[in-house]
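For reference, the structure discussed in these notes is given below.
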Amino acid sequence: MTEHPAPAQPAPQRPIPKAGDLLALAVATARAAADLVRQRAAGVVEVAATKSTATDVVTEADRDTEALIRRLISQERPEDAFFGEEGEETMGTSGVRWIVDPIDGTVNFLYGLPSYAVSIAAEYAGEVVAGAVVDVPRGTLYAAFRQPDGSVAAVKDGEPIRVRQPAELGQRLIATGFSYDAELRRVQAEALVRLLPVVRDVRRIGSAALDICGVAEGTLDGYLEEGLHLWDHAAAGLVAEAAGARWEATTGIGGRRFVIVAPAHGYDELRKAAVQAGFLPVDSLPGVVPD
């Protein structure tokens, strides 16, 4: 589906929702969705359709999981808007919009590689206030919500998490991913060749949500990728912010949404390296995100 900026929501018709309540619904729904994905993973997984390219696949499990998420949320909050990867966007009247990726890492899911996640974020008045990411094969839950004072708390299976301690750029482990578009993949590969000599190493896990949560919990020192959509990073970005990371969505060298995440103490250095490697234009500005 075509992604576009958050539509203007009608004036809220109910009291401002509590982020903790939205998080509780996100967590319960993400866990139920993860159970369904596990059930489907135990059977035969086949491609149901393709999207942007022949390698950008959708399975029936993607569609059914998003339908389950939509149903569970609408049962509790029928006035909310819903924006999912696999279905039509629906408007709401509450000021809350749910941003959902039913299976982040569909190709991994298709191949039986154990790195894919359910991602659910709740946005209020254009700001993500609650997010839950479930690592489906491992059953791990990452969660965060924005408190009334603006601060953010993040946990992994109920325990607080923090980003990795400071390290020189050459000692940092960076995750990335590649576009489904062949030409953009070529550009990304060339940029990666220039980045590799200046960092410890690079990992390609195959799930943006899990990569970003990896930065949050300190198993990665940074993440960057062009070609993401809002549903890929909405929930995990809040988790990373709460854990001490800084993140940005801007326009990459290929003209698409580029997301970079790193501990706040090392963010500027990694961003500079991304520009020098060719992931970002020299004059790139934060917040310039293509539709």
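All residue names refer to the structure tokens as shown: chains lettered A, B, ... in order, residues numbered from 1 in each chain, ligands numbered from 1 in order.
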
ask   = Residues of stretch 27-149 of chain A in helix (DSSP H, G or I) according to DSSP, as number ranges by chain?
value = A: 27-41, 60-76, 106-111

Hey, which bits of stretch 70-173 of chain A sit within 10 Å of stretch 215-238 of chain A, and for each residue what's the closest pair of atoms and how far apart in Å (one decimal), counting only C-alpha atoms, rows by chain and increasing number, as a Markdown table?
| residue | atom | partner | partner_atom | distance |
| --- | --- | --- | --- | --- |
| A:Phe83 | CA | A:Trp231 | CA | 8.0 |
| A:Gly84 | CA | A:Trp231 | CA | 6.9 |
| A:Glu85 | CA | A:Trp231 | CA | 6.7 |
| A:Trp98 | CA | A:Trp231 | CA | 9.4 |
| A:Ile99 | CA | A:Trp231 | CA | 5.6 |
| A:Val100 | CA | A:Trp231 | CA | 5.4 |
| A:Asp101 | CA | A:Trp231 | CA | 5.3 |
| A:Pro102 | CA | A:Trp231 | CA | 9.1 |
| A:Ile103 | CA | A:Asp232 | CA | 9.6 |
| A:Asp104 | CA | A:Asp232 | CA | 6.8 |
| A:Gly105 | CA | A:Asp232 | CA | 9.5 |
| A:Val118 | CA | A:Asp232 | CA | 9.8 |
| A:Ser119 | CA | A:Ala235 | CA | 6.2 |
| A:Ile120 | CA | A:Ala235 | CA | 5.9 |
| A:Ala121 | CA | A:Ala235 | CA | 4.6 |
| A:Ala122 | CA | A:Ala235 | CA | 7.9 |
| A:Glu123 | CA | A:Ala234 | CA | 8.8 |
| A:Glu127 | CA | A:Ala234 | CA | 9.6 |
| A:Val128 | CA | A:Ala234 | CA | 6.9 |
| A:Val129 | CA | A:Leu238 | CA | 7.7 |
| A:Ala130 | CA | A:Ala235 | CA | 7.0 |
| A:Gly131 | CA | A:Ala235 | CA | 4.2 |
| A:Ala132 | CA | A:Ala235 | CA | 5.9 |
| A:Val133 | CA | A:Ala236 | CA | 6.6 |
| A:Tyr142 | CA | A:Ala236 | CA | 7.9 |
| A:Ala143 | CA | A:Ala235 | CA | 8.0 |
| A:Ala144 | CA | A:Leu238 | CA | 6.3 |
| A:Phe145 | CA | A:Leu238 | CA | 7.4 |
| A:Arg146 | CA | A:Leu238 | CA | 8.3 |
| A:Val152 | CA | A:Leu238 | CA | 7.8 |
| A:Ala153 | CA | A:Leu238 | CA | 9.0 |
| A:Ala154 | CA | A:Leu238 | CA | 8.2 |
| A:Val155 | CA | A:Glu217 | CA | 8.9 |
| A:Lys156 | CA | A:Glu217 | CA | 7.9 |
| A:Pro160 | CA | A:Glu217 | CA | 8.9 |
| A:Ile161 | CA | A:Glu217 | CA | 5.2 |
| A:Arg162 | CA | A:Glu217 | CA | 5.4 |
| A:Val163 | CA | A:Gly218 | CA | 4.4 |
| A:Arg164 | CA | A:Gly218 | CA | 4.1 |
| A:Gln165 | CA | A:Gly218 | CA | 7.9 |
| A:Pro166 | CA | A:Asp221 | CA | 8.8 |
| A:Ala167 | CA | A:Asp221 | CA | 8.5 |
| A:Leu169 | CA | A:Asp221 | CA | 9.1 |
| A:Gln171 | CA | A:Asp221 | CA | 8.9 |
| A:Arg172 | CA | A:Asp221 | CA | 5.3 |
| A:Leu173 | CA | A:Asp221 | CA | 5.2 |

Nearby residues (only C-alpha atoms) at most 9 Å from stretch 270-286 of chain A, same-chain spacing under 4 positions excluded, as a compact mmCIF listing (two decimals) with N, CA, C and O atoms, in the first residue's frame:
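Output file around_6.txt follows:
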# COMPACT_ATOMS: atom_id res chain seq x y z
N LEU A 169 34.20 4.45 16.92
CA LEU A 169 33.47 4.02 15.74
C LEU A 169 33.99 2.69 15.22
O LEU A 169 33.22 1.81 14.81
N VAL A 187 23.22 0.64 -4.91
CA VAL A 187 23.72 1.85 -4.25
C VAL A 187 24.03 1.56 -2.78
O VAL A 187 25.06 1.98 -2.24
N GLN A 188 23.13 0.83 -2.12
CA GLN A 188 23.35 0.49 -0.72
C GLN A 188 24.58 -0.38 -0.54
O GLN A 188 25.35 -0.20 0.41
N GLU A 190 27.25 -0.44 -2.42
CA GLU A 190 28.43 0.39 -2.61
C GLU A 190 28.71 1.22 -1.36
O GLU A 190 29.87 1.39 -0.96
N ALA A 191 27.67 1.75 -0.74
CA ALA A 191 27.85 2.52 0.48
C ALA A 191 28.36 1.62 1.61
O ALA A 191 29.22 2.02 2.41
N LEU A 192 27.85 0.39 1.66
CA LEU A 192 28.28 -0.54 2.70
C LEU A 192 29.76 -0.88 2.57
O LEU A 192 30.46 -0.99 3.59
N VAL A 193 30.23 -1.01 1.35
CA VAL A 193 31.66 -1.28 1.13
C VAL A 193 32.51 -0.17 1.72
O VAL A 193 33.59 -0.41 2.28
N ARG A 194 32.02 1.07 1.65
CA ARG A 194 32.76 2.20 2.21
C ARG A 194 32.62 2.29 3.73
O ARG A 194 33.51 2.82 4.40
N LEU A 195 31.51 1.79 4.27
CA LEU A 195 31.32 1.85 5.73
C LEU A 195 32.09 0.76 6.45
O LEU A 195 32.61 0.97 7.56
N VAL A 198 35.41 1.18 8.46
CA VAL A 198 35.49 2.13 9.57
C VAL A 198 34.68 1.70 10.79
O VAL A 198 34.63 2.43 11.79
N GLY A 222 24.41 0.33 16.49
CA GLY A 222 23.75 1.24 15.58
C GLY A 222 23.02 0.50 14.49
O GLY A 222 23.23 -0.71 14.29
N LEU A 224 21.16 1.37 10.42
CA LEU A 224 20.80 2.32 9.37
C LEU A 224 20.27 1.56 8.16
O LEU A 224 20.74 0.48 7.84
N GLU A 225 19.25 2.13 7.53
CA GLU A 225 18.66 1.47 6.36
C GLU A 225 17.75 2.45 5.62
O GLU A 225 17.00 3.20 6.24
N GLU A 226 17.82 2.37 4.29
CA GLU A 226 16.90 3.15 3.45
C GLU A 226 15.81 2.23 2.90
O GLU A 226 16.05 1.07 2.59
N GLU A 248 16.51 9.00 13.77
CA GLU A 248 16.10 10.01 12.78
C GLU A 248 15.54 9.33 11.55
O GLU A 248 16.04 8.29 11.12
N ALA A 249 14.49 9.90 11.01
CA ALA A 249 13.98 9.48 9.71
C ALA A 249 14.18 10.65 8.75
O ALA A 249 13.70 11.75 8.99
N THR A 250 14.90 10.41 7.69
CA THR A 250 15.22 11.46 6.73
C THR A 250 15.18 10.85 5.33
O THR A 250 14.68 9.76 5.13
N THR A 251 15.70 11.56 4.35
CA THR A 251 15.71 11.07 2.97
C THR A 251 17.08 10.53 2.62
O THR A 251 18.08 11.24 2.73
N GLY A 252 17.14 9.27 2.20
CA GLY A 252 18.40 8.64 1.86
C GLY A 252 18.87 9.00 0.47
O GLY A 252 18.20 9.73 -0.27
N ILE A 253 20.01 8.48 0.08
CA ILE A 253 20.62 8.79 -1.20
C ILE A 253 19.73 8.35 -2.36
O ILE A 253 19.77 8.93 -3.45
N GLY A 254 18.88 7.34 -2.13
CA GLY A 254 17.99 6.86 -3.18
C GLY A 254 16.64 7.56 -3.21
O GLY A 254 15.76 7.18 -3.99
N PHE A 258 14.99 7.01 5.03
CA PHE A 258 16.20 6.45 5.61
C PHE A 258 16.13 6.62 7.12
O PHE A 258 15.88 7.72 7.61
N ILE A 260 18.10 6.00 10.80
CA ILE A 260 19.37 5.74 11.48
C ILE A 260 19.13 5.82 12.98
O ILE A 260 18.46 6.72 13.46
N VAL A 261 19.66 4.84 13.71
CA VAL A 261 19.47 4.72 15.15
C VAL A 261 20.81 4.41 15.79
O VAL A 261 21.54 3.55 15.31
N ALA A 262 21.11 5.09 16.88
CA ALA A 262 22.35 4.82 17.61
C ALA A 262 22.23 5.39 19.02
O ALA A 262 21.40 6.26 19.27
N GLY A 266 26.79 8.40 20.71
CA GLY A 266 27.59 8.13 19.52
C GLY A 266 26.87 8.40 18.22
O GLY A 266 27.36 8.05 17.14

What lies within 9 Å of A:Gly170 using only C-alpha atoms, ignoring chain neighbours under 5 positions off, as a ChimeraX atom specification?
/A:197-201

message: Using only C-alpha atoms for the distances, tell me which of A:Arg38, A:Arg186, A:Arg71, A:Arg63 is nearest to A:Phe109.
response: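 When distances to A:Phe109 are compared using only C-alpha atoms, the smallest one comes from A:Arg38.
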
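Counting from atom CA of A:Asp135, the distance to atom CA of A:Tyr116 is 6.1 Å.
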
> Just asking: which residues within stretch 19-259 of chain A are strand (DSSP E) according to DSSP, as a PyMOL selection string?
Replying inline: chain A and resi 47-50+57-59+81-84+96-104+117-124+127-135+140-146+152-156+159-160+173-176+201-203+222-226+245-251+257-259

One decimal place gives the atom CA of A:Val107-atom CA of A:Thr176 separation as 15.4 Å

Q) Skipping near chain neighbours, those fewer than 6 positions away, what residues fall within 12 Å of A:Arg77 using only C-alpha atoms, listed as JSON, numbers by chain? A) {"A": [14, 17, 21, 22, 25, 26, 69, 70, 71, 92, 93, 94, 95, 96, 97, 98, 122]}

- Atomic separation - atom CA of A:Tyr267 relative to atom CA of A:Pro148, Å: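 Separation of atom CA of A:Pro148 and atom CA of A:Tyr267: 26.4 Å.
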
**Q.** Shortest interatomic distance to A:Thr59 - which of A:Ser179, A:Ser115, A:Thr106, A:Ser151, counting only C-alpha atoms
**A.**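 The shortest atom-to-atom distance to A:Thr59 comes from A:Thr106.
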
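Near A:Asp35, within 10 Å and counting only C-alpha atoms, sit A:Thr29, A:Ala41, A:Thr65, A:Val136, A:Pro137, A:Gly139; same-chain residues fewer than 6 positions away were not included.
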
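Proximity ranking of A:Glu88, A:Ala125, A:Ala117, A:Leu68 relative to A:Arg138 places A:Ala117 first, based on only C-alpha atoms.
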